[in-house]
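The structure appears below as structure tokens.
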Amino acid sequence: MGQLDGKTVVITGGTSGIGLATAQRFTQEGAHVYITGRRKETLDQAAELIGGNVTPVQADSANLADLDRLYATVADAGHRIDVLFANAGGGEFAPLDQVTEEHYDSTFDSNVKGTLFTVQKALPHLVDGASVILTGSIAGVSGDPAFGVYGASKAAIRSFSRTWANELSGRGIRVNTISPGPITTPGVNGLAADEEGAEQLRKTLAGIVPLGRMGQPEEVAALALFLATDQASFITGTEIFVDGGAKQV
Ligand SMILES: NC(=O)c1ccc[n+]([C@@H]2O[C@H](COP(=O)([O-])OP(=O)(O)OC[C@H]3O[C@@H](n4cnc5c(N)ncnc54)[C@H](OP(=O)(O)O)[C@@H]3O)[C@@H](O)[C@H]2O)c1
């Protein structure tokens with residue numbers, strides 16, 4: 001028996017890295033999973049990889065009409081949402097003197113606006129007692145150079161989870177933030193200009209982790225699974241780090 005048998009899950013940014021690993025794990029645990037992403041080809045490849053019990057919906061989390069279409073797809077299938085993993089997002093390096101309006105807008109649109117309206121528009125579709133999981137980052141609690149805008153966007157997400165845990169407690173809905181440290185994903189590899197740069201970046205990132213390595217997307221998926229189930233029935237409003245100790249010791 002799976003830990004999510006019969007459950008309906010929405011995972012934004014479910015086509016790559018952490019979101020994809022979580023979608024794979026959740027379907028293995030018996031859930032039906034809706035995944036989103038902006039790129040159609042990547043979305044289709046992810047759905048094929050997951051194999052079954054998945055509905056891909058091409059959607060930009062920062063586009064409110066896309067979010068309406070996502071939740072209409074869920075409702076039209078007769079589903080109500082047990083678990084919402086608002087995971088879509090990302091960032092790029094930009095030291096303060098190189099931050100552009102475009103960098104600010106794209107980071108805050110995907111990470112902050114996207115998370116806000118992903119959760120707001122899900123409200124009528126969430127079951128009472130649902131689990132809402134947001135994706136923060138260790139960057140939200142640190143001062144890593146060149147990650148100022150990204151870090152601020154993730155600090156906003158952590159703040160959202162405090163407020164929403166309060167606002168939604170009457171419905172028994174739990175809201176928590178997962179904050180990963182460096183995790184090996186296409187998103188992180190894409191921060192470097194080429195494979196040589198990516199290798200150097202992975203070495204640098206592993207060097208800040210007491211466990212001496214980067215994390216795997218499956219290790220974040222394991223935490224998401226815990227928060228998704230009744231194992232976490234008394235946990236809300238919190239931030240849980242999955243960072244190999246990077247910002248803990
Ligand atoms: N990997 C890490 O080290 C790390 C550490 C801390 C936090 N995080 C956070 O974890 C989350 C996942 O990151 P990842 O490393 O797994 O990155 P990834 O491999 O680049 O995956 C990101 C996913 O989000 C989607 N996405 C991005 N912006 C979107 C938008 N506006 N609307 C809909 N989908 C969008 C991407 O698909 P499309 O590009 O096709 O839209 C993709 O499916 C992000 O929120 C990231 O900030 C990652």
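Starting from 1 in every chain, residues are counted up; chains themselves are A, B, ... following the order of the structure tokens, and ligands are numbered from 1 as listed.
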
Just list as a CSV table (one decimal) with N, CA and C atoms, in the first residue's frame whatever in stretch 12-230 of chain A DSSP marks as strand (DSSP E).
```
chain,number,residue,atom,x,y,z
A,12,THR,N,3.8,22.2,-9.1
A,12,THR,CA,4.2,23.1,-10.1
A,12,THR,C,5.7,23.0,-10.3
A,32,HIS,N,-2.3,10.5,-7.8
A,32,HIS,CA,-2.4,11.0,-9.1
A,32,HIS,C,-1.8,12.4,-9.1
A,33,VAL,N,-0.9,12.7,-10.0
A,33,VAL,CA,-0.1,13.9,-9.9
A,33,VAL,C,-0.4,14.8,-11.1
A,34,TYR,N,-0.7,16.1,-10.9
A,34,TYR,CA,-0.7,17.1,-11.9
A,34,TYR,C,0.6,17.8,-11.9
A,35,ILE,N,1.3,17.8,-13.0
A,35,ILE,CA,2.6,18.6,-13.1
A,35,ILE,C,2.5,19.7,-14.0
A,36,THR,N,3.2,20.8,-13.7
A,36,THR,CA,3.3,21.9,-14.6
A,36,THR,C,4.7,22.3,-15.0
A,37,GLY,N,4.8,23.1,-16.0
A,37,GLY,CA,6.1,23.7,-16.4
A,37,GLY,C,5.7,24.5,-17.6
A,54,VAL,N,-0.4,10.5,-14.1
A,54,VAL,CA,0.1,11.9,-14.2
A,54,VAL,C,-0.7,12.7,-15.3
A,55,THR,N,-1.0,13.9,-15.0
A,55,THR,CA,-1.6,14.8,-16.0
A,55,THR,C,-0.7,16.0,-16.1
A,56,PRO,N,-0.1,16.2,-17.3
A,56,PRO,CA,0.8,17.3,-17.5
A,56,PRO,C,-0.1,18.5,-18.0
A,57,VAL,N,0.2,19.7,-17.4
A,57,VAL,CA,-0.5,20.9,-17.8
A,57,VAL,C,0.5,22.0,-18.0
A,58,GLN,N,0.6,22.5,-19.3
A,58,GLN,CA,1.6,23.5,-19.6
A,58,GLN,C,1.1,24.8,-18.9
A,81,ILE,N,-7.9,18.7,-4.4
A,81,ILE,CA,-6.4,18.6,-4.2
A,81,ILE,C,-6.1,18.3,-2.7
A,82,ASP,N,-5.4,17.2,-2.5
A,82,ASP,CA,-5.0,16.8,-1.2
A,82,ASP,C,-3.6,17.4,-0.8
A,83,VAL,N,-2.8,17.5,-1.8
A,83,VAL,CA,-1.4,18.0,-1.6
A,83,VAL,C,-1.1,19.0,-2.7
A,84,LEU,N,-0.6,20.2,-2.3
A,84,LEU,CA,-0.1,21.2,-3.3
A,84,LEU,C,1.3,21.5,-3.0
A,85,PHE,N,2.2,21.2,-4.0
A,85,PHE,CA,3.6,21.5,-3.9
A,85,PHE,C,3.9,22.6,-4.8
A,86,ALA,N,4.0,23.8,-4.3
A,86,ALA,CA,4.3,25.0,-5.1
A,86,ALA,C,5.8,25.1,-5.2
A,126,LEU,N,-8.8,22.9,-2.7
A,126,LEU,CA,-8.1,22.1,-1.7
A,126,LEU,C,-9.1,21.4,-0.7
A,127,VAL,N,-8.9,20.2,-0.4
A,127,VAL,CA,-9.7,19.5,0.6
A,127,VAL,C,-9.3,20.1,2.0
A,128,ASP,N,-10.3,20.1,2.9
A,128,ASP,CA,-9.9,20.5,4.3
A,128,ASP,C,-8.9,19.4,4.8
A,129,GLY,N,-7.9,19.9,5.5
A,129,GLY,CA,-6.8,19.0,5.9
A,129,GLY,C,-5.7,18.8,4.9
A,130,ALA,N,-5.8,19.6,3.8
A,130,ALA,CA,-4.7,19.4,2.8
A,130,ALA,C,-3.4,19.9,3.3
A,131,SER,N,-2.3,19.4,2.6
A,131,SER,CA,-1.0,19.8,2.9
A,131,SER,C,-0.5,20.7,1.8
A,132,VAL,N,-0.1,21.9,2.1
A,132,VAL,CA,0.5,22.9,1.1
A,132,VAL,C,2.0,23.0,1.5
A,133,ILE,N,2.8,22.7,0.5
A,133,ILE,CA,4.3,22.8,0.6
A,133,ILE,C,4.9,23.8,-0.3
A,134,LEU,N,5.6,24.7,0.2
A,134,LEU,CA,6.3,25.8,-0.6
A,134,LEU,C,7.7,25.5,-0.7
A,135,THR,N,8.4,26.0,-1.7
A,135,THR,CA,9.8,25.7,-1.9
A,135,THR,C,10.6,27.0,-1.6
A,174,ARG,N,-2.4,22.5,6.4
A,174,ARG,CA,-1.0,22.8,6.9
A,174,ARG,C,-0.2,23.4,5.8
A,175,VAL,N,0.6,24.4,6.2
A,175,VAL,CA,1.4,25.1,5.1
A,175,VAL,C,2.9,25.1,5.7
A,176,ASN,N,3.8,24.5,4.9
A,176,ASN,CA,5.2,24.5,5.4
A,176,ASN,C,6.1,24.8,4.2
A,177,THR,N,7.3,25.2,4.5
A,177,THR,CA,8.3,25.5,3.5
A,177,THR,C,9.4,24.5,3.6
A,178,ILE,N,9.8,23.9,2.5
A,178,ILE,CA,11.0,23.1,2.4
A,178,ILE,C,12.1,24.1,1.9
A,179,SER,N,13.2,24.1,2.6
A,179,SER,CA,14.4,24.9,2.1
A,179,SER,C,15.6,24.0,1.8
A,180,PRO,N,15.8,23.7,0.5
A,180,PRO,CA,16.9,22.9,0.1
A,180,PRO,C,18.2,23.7,0.2
```

List the neighbours of stretch 21-27 of chain A out to 10 Å using only C-alpha atoms; skip same-chain residues closer than 4 positions along the sequence, and give me the result as a PyMOL selection string.
chain A and resi 2-5+7-17+31-35+46-47+49-54+85+87+185+216-225+228

The residue from A:Glu167, A:Glu239, A:Asp44, A:Asp60 with the smallest atom-to-atom distance to ligand 1, counting only C-alpha atoms and all ligand atoms, is A:Asp60

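Distances from A:Ala246, A:Leu64, A:Ala165, A:Val74 to A:Gly207 were compared using only C-alpha atoms, and the smallest one belongs to A:Ala246.
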
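Note that atom 48 (C, counted along the ligand's line) of ligand 1 and atom CA of A:Pro186 are 9.8 Å apart.
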
Alpha helix (DSSP H) per DSSP on the backbone: members of stretch 91-220 of chain A, as a JSON list (two decimals) with N, CA, C and O atoms, in the first residue's frame:
```json
[["chain", "number", "residue", "atom", "x", "y", "z"],
["A", 101, "GLU", "N", 16.24, 45.34, -14.03],
["A", 101, "GLU", "CA", 14.80, 45.27, -13.79],
["A", 101, "GLU", "C", 14.26, 43.92, -14.27],
["A", 101, "GLU", "O", 13.42, 43.30, -13.62],
["A", 102, "GLU", "N", 14.79, 43.45, -15.39],
["A", 102, "GLU", "CA", 14.35, 42.17, -15.95],
["A", 102, "GLU", "C", 14.67, 41.02, -14.99],
["A", 102, "GLU", "O", 13.86, 40.13, -14.77],
["A", 103, "HIS", "N", 15.89, 41.06, -14.40],
["A", 103, "HIS", "CA", 16.29, 40.02, -13.45],
["A", 103, "HIS", "C", 15.35, 40.02, -12.24],
["A", 103, "HIS", "O", 14.87, 38.97, -11.80],
["A", 104, "TYR", "N", 15.10, 41.23, -11.73],
["A", 104, "TYR", "CA", 14.19, 41.34, -10.58],
["A", 104, "TYR", "C", 12.80, 40.80, -10.95],
["A", 104, "TYR", "O", 12.23, 39.97, -10.23],
["A", 105, "ASP", "N", 12.26, 41.28, -12.07],
["A", 105, "ASP", "CA", 10.90, 40.89, -12.46],
["A", 105, "ASP", "C", 10.79, 39.38, -12.68],
["A", 105, "ASP", "O", 9.84, 38.75, -12.21],
["A", 106, "SER", "N", 11.76, 38.80, -13.40],
["A", 106, "SER", "CA", 11.62, 37.37, -13.71],
["A", 106, "SER", "C", 11.76, 36.54, -12.43],
["A", 106, "SER", "O", 11.04, 35.56, -12.24],
["A", 107, "THR", "N", 12.66, 36.95, -11.52],
["A", 107, "THR", "CA", 12.84, 36.18, -10.28],
["A", 107, "THR", "C", 11.60, 36.29, -9.40],
["A", 107, "THR", "O", 11.06, 35.29, -8.92],
["A", 108, "PHE", "N", 11.14, 37.51, -9.18],
["A", 108, "PHE", "CA", 9.98, 37.69, -8.30],
["A", 108, "PHE", "C", 8.69, 37.20, -8.95],
["A", 108, "PHE", "O", 7.79, 36.72, -8.25],
["A", 114, "GLY", "N", 4.29, 33.84, -8.50],
["A", 114, "GLY", "CA", 3.87, 32.50, -8.88],
["A", 114, "GLY", "C", 3.39, 31.69, -7.69],
["A", 114, "GLY", "O", 2.34, 31.05, -7.72],
["A", 115, "THR", "N", 4.15, 31.72, -6.60],
["A", 115, "THR", "CA", 3.76, 30.95, -5.41],
["A", 115, "THR", "C", 2.47, 31.51, -4.79],
["A", 115, "THR", "O", 1.56, 30.76, -4.42],
["A", 116, "LEU", "N", 2.40, 32.84, -4.71],
["A", 116, "LEU", "CA", 1.21, 33.47, -4.12],
["A", 116, "LEU", "C", -0.07, 33.05, -4.85],
["A", 116, "LEU", "O", -1.02, 32.56, -4.23],
["A", 117, "PHE", "N", -0.08, 33.18, -6.17],
["A", 117, "PHE", "CA", -1.33, 32.91, -6.88],
["A", 117, "PHE", "C", -1.55, 31.43, -7.12],
["A", 117, "PHE", "O", -2.70, 30.99, -7.27],
["A", 118, "THR", "N", -0.47, 30.64, -7.10],
["A", 118, "THR", "CA", -0.65, 29.18, -7.16],
["A", 118, "THR", "C", -1.46, 28.72, -5.94],
["A", 118, "THR", "O", -2.38, 27.90, -6.06],
["A", 119, "VAL", "N", -1.13, 29.26, -4.79],
["A", 119, "VAL", "CA", -1.84, 28.84, -3.56],
["A", 119, "VAL", "C", -3.21, 29.52, -3.48],
["A", 119, "VAL", "O", -4.22, 28.87, -3.18],
["A", 120, "GLN", "N", -3.27, 30.82, -3.79],
["A", 120, "GLN", "CA", -4.57, 31.51, -3.69],
["A", 120, "GLN", "C", -5.61, 30.85, -4.58],
["A", 120, "GLN", "O", -6.74, 30.58, -4.17],
["A", 121, "LYS", "N", -5.24, 30.57, -5.82],
["A", 121, "LYS", "CA", -6.21, 30.02, -6.76],
["A", 121, "LYS", "C", -6.53, 28.54, -6.49],
["A", 121, "LYS", "O", -7.53, 28.02, -6.97],
["A", 122, "ALA", "N", -5.68, 27.89, -5.69],
["A", 122, "ALA", "CA", -5.96, 26.50, -5.31],
["A", 122, "ALA", "C", -7.00, 26.42, -4.20],
["A", 122, "ALA", "O", -7.62, 25.36, -4.02],
["A", 148, "GLY", "N", 21.24, 37.97, -4.08],
["A", 148, "GLY", "CA", 20.41, 38.87, -3.28],
["A", 148, "GLY", "C", 18.95, 38.85, -3.67],
["A", 148, "GLY", "O", 18.06, 38.74, -2.81],
["A", 149, "VAL", "N", 18.67, 38.94, -4.96],
["A", 149, "VAL", "CA", 17.27, 39.00, -5.40],
["A", 149, "VAL", "C", 16.61, 37.63, -5.19],
["A", 149, "VAL", "O", 15.49, 37.53, -4.68],
["A", 150, "TYR", "N", 17.35, 36.58, -5.54],
["A", 150, "TYR", "CA", 16.83, 35.22, -5.34],
["A", 150, "TYR", "C", 16.57, 34.98, -3.84],
["A", 150, "TYR", "O", 15.51, 34.49, -3.46],
["A", 151, "GLY", "N", 17.54, 35.33, -3.01],
["A", 151, "GLY", "CA", 17.40, 35.12, -1.57],
["A", 151, "GLY", "C", 16.21, 35.88, -1.01],
["A", 151, "GLY", "O", 15.45, 35.35, -0.19],
["A", 152, "ALA", "N", 16.01, 37.11, -1.48],
["A", 152, "ALA", "CA", 14.87, 37.90, -1.01],
["A", 152, "ALA", "C", 13.56, 37.25, -1.43],
["A", 152, "ALA", "O", 12.58, 37.22, -0.67],
["A", 153, "SER", "N", 13.53, 36.69, -2.64],
["A", 153, "SER", "CA", 12.30, 36.03, -3.10],
["A", 153, "SER", "C", 12.00, 34.80, -2.25],
["A", 153, "SER", "O", 10.84, 34.51, -1.95],
["A", 154, "LYS", "N", 13.04, 34.09, -1.82],
["A", 154, "LYS", "CA", 12.81, 32.89, -1.01],
["A", 154, "LYS", "C", 12.47, 33.26, 0.44],
["A", 154, "LYS", "O", 11.73, 32.53, 1.11],
["A", 155, "ALA", "N", 12.99, 34.39, 0.92],
["A", 155, "ALA", "CA", 12.59, 34.86, 2.25],
["A", 155, "ALA", "C", 11.11, 35.23, 2.24],
["A", 155, "ALA", "O", 10.38, 35.01, 3.22],
["A", 156, "ALA", "N", 10.64, 35.77, 1.11],
["A", 156, "ALA", "CA", 9.21, 36.09, 0.99],
["A", 156, "ALA", "C", 8.36, 34.83, 1.07],
["A", 156, "ALA", "O", 7.31, 34.80, 1.71],
["A", 157, "ILE", "N", 8.85, 33.77, 0.45],
["A", 157, "ILE", "CA", 8.09, 32.51, 0.46],
["A", 157, "ILE", "C", 8.00, 31.95, 1.88],
["A", 157, "ILE", "O", 6.95, 31.50, 2.32],
["A", 158, "ARG", "N", 9.12, 32.03, 2.58],
["A", 158, "ARG", "CA", 9.10, 31.54, 3.97],
["A", 158, "ARG", "C", 8.08, 32.36, 4.79],
["A", 158, "ARG", "O", 7.34, 31.84, 5.62],
["A", 159, "SER", "N", 8.04, 33.67, 4.53],
["A", 159, "SER", "CA", 7.08, 34.52, 5.22],
["A", 159, "SER", "C", 5.64, 34.13, 4.86],
["A", 159, "SER", "O", 4.77, 34.06, 5.73],
["A", 160, "PHE", "N", 5.39, 33.87, 3.59],
["A", 160, "PHE", "CA", 4.05, 33.42, 3.18],
["A", 160, "PHE", "C", 3.60, 32.22, 4.01],
["A", 160, "PHE", "O", 2.46, 32.13, 4.43],
["A", 161, "SER", "N", 4.51, 31.27, 4.21],
["A", 161, "SER", "CA", 4.08, 30.03, 4.87],
["A", 161, "SER", "C", 3.67, 30.28, 6.32],
["A", 161, "SER", "O", 2.79, 29.61, 6.85],
["A", 162, "ARG", "N", 4.30, 31.27, 6.96],
["A", 162, "ARG", "CA", 3.86, 31.61, 8.33],
["A", 162, "ARG", "C", 2.43, 32.15, 8.30],
["A", 162, "ARG", "O", 1.56, 31.70, 9.07],
["A", 163, "THR", "N", 2.19, 33.13, 7.44],
["A", 163, "THR", "CA", 0.87, 33.78, 7.40],
["A", 163, "THR", "C", -0.21, 32.81, 6.96],
["A", 163, "THR", "O", -1.29, 32.73, 7.57],
["A", 164, "TRP", "N", 0.08, 32.05, 5.91],
["A", 164, "TRP", "CA", -0.95, 31.15, 5.39],
["A", 164, "TRP", "C", -1.24, 30.00, 6.35],
["A", 164, "TRP", "O", -2.38, 29.51, 6.40],
["A", 165, "ALA", "N", -0.24, 29.56, 7.10],
["A", 165, "ALA", "CA", -0.50, 28.52, 8.10],
["A", 165, "ALA", "C", -1.54, 29.02, 9.10],
["A", 165, "ALA", "O", -2.45, 28.28, 9.50],
["A", 166, "ASN", "N", -1.43, 30.28, 9.46],
["A", 166, "ASN", "CA", -2.42, 30.89, 10.36],
["A", 166, "ASN", "C", -3.78, 31.01, 9.67],
["A", 166, "ASN", "O", -4.81, 30.61, 10.22],
["A", 167, "GLU", "N", -3.77, 31.58, 8.48],
["A", 167, "GLU", "CA", -5.03, 31.86, 7.79],
["A", 167, "GLU", "C", -5.81, 30.60, 7.44],
["A", 167, "GLU", "O", -7.03, 30.63, 7.37],
["A", 186, "PRO", "N", 19.04, 20.09, -13.06],
["A", 186, "PRO", "CA", 19.30, 20.88, -14.27],
["A", 186, "PRO", "C", 19.30, 22.38, -13.97],
["A", 186, "PRO", "O", 20.04, 23.13, -14.58],
["A", 187, "GLY", "N", 18.45, 22.80, -13.02],
["A", 187, "GLY", "CA", 18.39, 24.22, -12.69],
["A", 187, "GLY", "C", 19.72, 24.74, -12.15],
["A", 187, "GLY", "O", 20.17, 25.83, -12.52],
["A", 188, "VAL", "N", 20.37, 23.97, -11.29],
["A", 188, "VAL", "CA", 21.67, 24.38, -10.74],
["A", 188, "VAL", "C", 22.75, 24.31, -11.82],
["A", 188, "VAL", "O", 23.55, 25.23, -11.97],
["A", 189, "ASN", "N", 22.75, 23.22, -12.59],
["A", 189, "ASN", "CA", 23.74, 23.10, -13.66],
["A", 189, "ASN", "C", 23.64, 24.28, -14.63],
["A", 189, "ASN", "O", 24.65, 24.76, -15.15],
["A", 195, "GLU", "N", 29.68, 22.97, -19.25],
["A", 195, "GLU", "CA", 29.80, 21.81, -18.37],
["A", 195, "GLU", "C", 31.01, 21.94, -17.45],
["A", 195, "GLU", "O", 30.95, 21.54, -16.28],
["A", 196, "GLU", "N", 32.08, 22.54, -17.96],
["A", 196, "GLU", "CA", 33.27, 22.73, -17.11],
["A", 196, "GLU", "C", 32.94, 23.66, -15.93],
["A", 196, "GLU", "O", 33.28, 23.39, -14.78],
["A", 197, "GLY", "N", 32.21, 24.72, -16.24],
["A", 197, "GLY", "CA", 31.78, 25.66, -15.19],
["A", 197, "GLY", "C", 30.83, 24.99, -14.21],
["A", 197, "GLY", "O", 30.87, 25.24, -13.00],
["A", 198, "ALA", "N", 29.95, 24.12, -14.75],
["A", 198, "ALA", "CA", 28.99, 23.43, -13.89],
["A", 198, "ALA", "C", 29.71, 22.49, -12.92],
["A", 198, "ALA", "O", 29.36, 22.39, -11.74],
["A", 199, "GLU", "N", 30.76, 21.83, -13.43],
["A", 199, "GLU", "CA", 31.55, 20.91, -12.59],
["A", 199, "GLU", "C", 32.22, 21.71, -11.45],
["A", 199, "GLU", "O", 32.21, 21.28, -10.29],
["A", 200, "GLN", "N", 32.77, 22.86, -11.80],
["A", 200, "GLN", "CA", 33.41, 23.72, -10.80],
["A", 200, "GLN", "C", 32.39, 24.20, -9.77],
["A", 200, "GLN", "O", 32.64, 24.20, -8.57],
["A", 201, "LEU", "N", 31.21, 24.58, -10.27],
["A", 201, "LEU", "CA", 30.14, 25.05, -9.38],
["A", 201, "LEU", "C", 29.71, 23.95, -8.41],
["A", 201, "LEU", "O", 29.54, 24.19, -7.21],
["A", 202, "ARG", "N", 29.55, 22.73, -8.94],
["A", 202, "ARG", "CA", 29.14, 21.61, -8.08],
["A", 202, "ARG", "C", 30.18, 21.36, -6.99],
["A", 202, "ARG", "O", 29.83, 21.10, -5.84],
["A", 203, "LYS", "N", 31.47, 21.49, -7.35],
["A", 203, "LYS", "CA", 32.55, 21.32, -6.36],
["A", 203, "LYS", "C", 32.46, 22.39, -5.29],
["A", 203, "LYS", "O", 32.56, 22.11, -4.09],
["A", 204, "THR", "N", 32.26, 23.63, -5.73],
["A", 204, "THR", "CA", 32.17, 24.76, -4.79],
["A", 204, "THR", "C", 30.98, 24.55, -3.84],
["A", 204, "THR", "O", 31.10, 24.73, -2.62],
["A", 205, "LEU", "N", 29.86, 24.17, -4.41],
["A", 205, "LEU", "CA", 28.64, 24.01, -3.60],
["A", 205, "LEU", "C", 28.80, 22.84, -2.62],
["A", 205, "LEU", "O", 28.41, 22.94, -1.45],
["A", 206, "ALA", "N", 29.39, 21.74, -3.09],
["A", 206, "ALA", "CA", 29.60, 20.60, -2.19],
["A", 206, "ALA", "C", 30.49, 21.02, -1.02],
["A", 206, "ALA", "O", 30.35, 20.52, 0.10],
["A", 207, "GLY", "N", 31.40, 21.97, -1.30],
["A", 207, "GLY", "CA", 32.34, 22.42, -0.28],
["A", 207, "GLY", "C", 31.71, 23.17, 0.87],
["A", 207, "GLY", "O", 32.29, 23.28, 1.95],
["A", 217, "PRO", "N", 17.82, 15.24, -5.78],
["A", 217, "PRO", "CA", 16.40, 15.63, -5.78],
["A", 217, "PRO", "C", 15.53, 14.65, -5.00],
["A", 217, "PRO", "O", 14.55, 15.05, -4.36],
["A", 218, "GLU", "N", 15.90, 13.37, -5.02],
["A", 218, "GLU", "CA", 15.10, 12.35, -4.31],
["A", 218, "GLU", "C", 15.11, 12.59, -2.80],
["A", 218, "GLU", "O", 14.18, 12.19, -2.09],
["A", 219, "GLU", "N", 16.17, 13.24, -2.30],
["A", 219, "GLU", "CA", 16.25, 13.51, -0.86],
["A", 219, "GLU", "C", 15.30, 14.64, -0.46],
["A", 219, "GLU", "O", 14.84, 14.69, 0.67],
["A", 220, "VAL", "N", 15.04, 15.53, -1.41],
["A", 220, "VAL", "CA", 14.03, 16.57, -1.16],
["A", 220, "VAL", "C", 12.64, 15.96, -1.29],
["A", 220, "VAL", "O", 11.73, 16.26, -0.51]]
```

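Reported to one decimal place, the separation of atom CA of A:Gln28 from atom CA of A:Leu43 is 18.6 Å.
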
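We find atom 6 (C, counted along the ligand's line) of ligand 1 and atom CA of A:Ile183 to be spaced 7.0 Å apart.
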
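Comparing A:Asp76, A:Asp230, A:Asp144, A:Glu41 by their smallest distance to ligand 1, the closest is A:Glu41 (using only C-alpha atoms and all ligand atoms).
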
Check the smallest atom-to-atom distance from each of A:Met214, A:Val249, A:Ala94, A:Ala65 to ligand 1 using only C-alpha atoms and all ligand atoms, then report the winner.
A:Met214

All residues 8 Å or closer to A:Gly244, only C-alpha atoms, same chain fewer than 5 positions away omitted, as a PyMOL selection string:
chain A and resi 181+209-215

Same residues, all heavy atoms, output as a compact mmCIF listing (two decimals), in the first residue's frame:
```txt
# COMPACT_ATOMS: atom_id res chain seq x y z
N GLY A 181 19.28 22.96 0.43
CA GLY A 181 20.62 23.45 0.15
C GLY A 181 20.94 23.10 -1.29
O GLY A 181 20.03 22.88 -2.10
N VAL A 209 28.90 22.23 2.25
CA VAL A 209 28.00 21.28 2.93
C VAL A 209 28.80 20.39 3.88
O VAL A 209 29.71 19.68 3.43
CB VAL A 209 27.27 20.40 1.88
CG1 VAL A 209 26.37 19.37 2.57
CG2 VAL A 209 26.46 21.26 0.93
N PRO A 210 28.46 20.40 5.17
CA PRO A 210 29.18 19.54 6.11
C PRO A 210 29.22 18.07 5.68
O PRO A 210 30.21 17.39 5.91
CB PRO A 210 28.41 19.72 7.42
CG PRO A 210 27.87 21.10 7.34
CD PRO A 210 27.53 21.31 5.88
N LEU A 211 28.17 17.59 5.06
CA LEU A 211 28.18 16.19 4.60
C LEU A 211 29.08 16.00 3.39
O LEU A 211 29.25 14.87 2.91
CB LEU A 211 26.75 15.70 4.30
CG LEU A 211 25.86 15.48 5.52
CD1 LEU A 211 24.46 15.00 5.10
CD2 LEU A 211 26.47 14.45 6.48
N GLY A 212 29.61 17.08 2.84
CA GLY A 212 30.65 16.99 1.82
C GLY A 212 30.18 16.66 0.42
O GLY A 212 30.97 16.24 -0.42
N ARG A 213 28.91 16.85 0.16
CA ARG A 213 28.39 16.55 -1.18
C ARG A 213 27.13 17.38 -1.40
O ARG A 213 26.54 17.90 -0.45
CB ARG A 213 28.05 15.07 -1.31
CG ARG A 213 26.94 14.61 -0.36
CD ARG A 213 26.50 13.18 -0.63
NE ARG A 213 25.49 12.72 0.33
CZ ARG A 213 24.18 12.90 0.21
NH1 ARG A 213 23.69 13.56 -0.82
NH2 ARG A 213 23.33 12.45 1.11
N MET A 214 26.73 17.47 -2.66
CA MET A 214 25.44 18.05 -2.96
C MET A 214 24.34 17.03 -2.67
O MET A 214 24.59 15.83 -2.64
CB MET A 214 25.37 18.50 -4.43
CG MET A 214 26.28 19.69 -4.72
SD MET A 214 26.15 20.23 -6.42
CE MET A 214 24.49 20.93 -6.49
N GLY A 215 23.13 17.53 -2.48
CA GLY A 215 22.00 16.63 -2.27
C GLY A 215 21.42 16.16 -3.59
O GLY A 215 21.70 16.73 -4.65
```

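Restricting the calculation to only C-alpha atoms and all ligand atoms, the smallest distance between ligand 1 and any of A:Val242, A:Ile173, A:Ala193, A:Ala146 is found for A:Val242.
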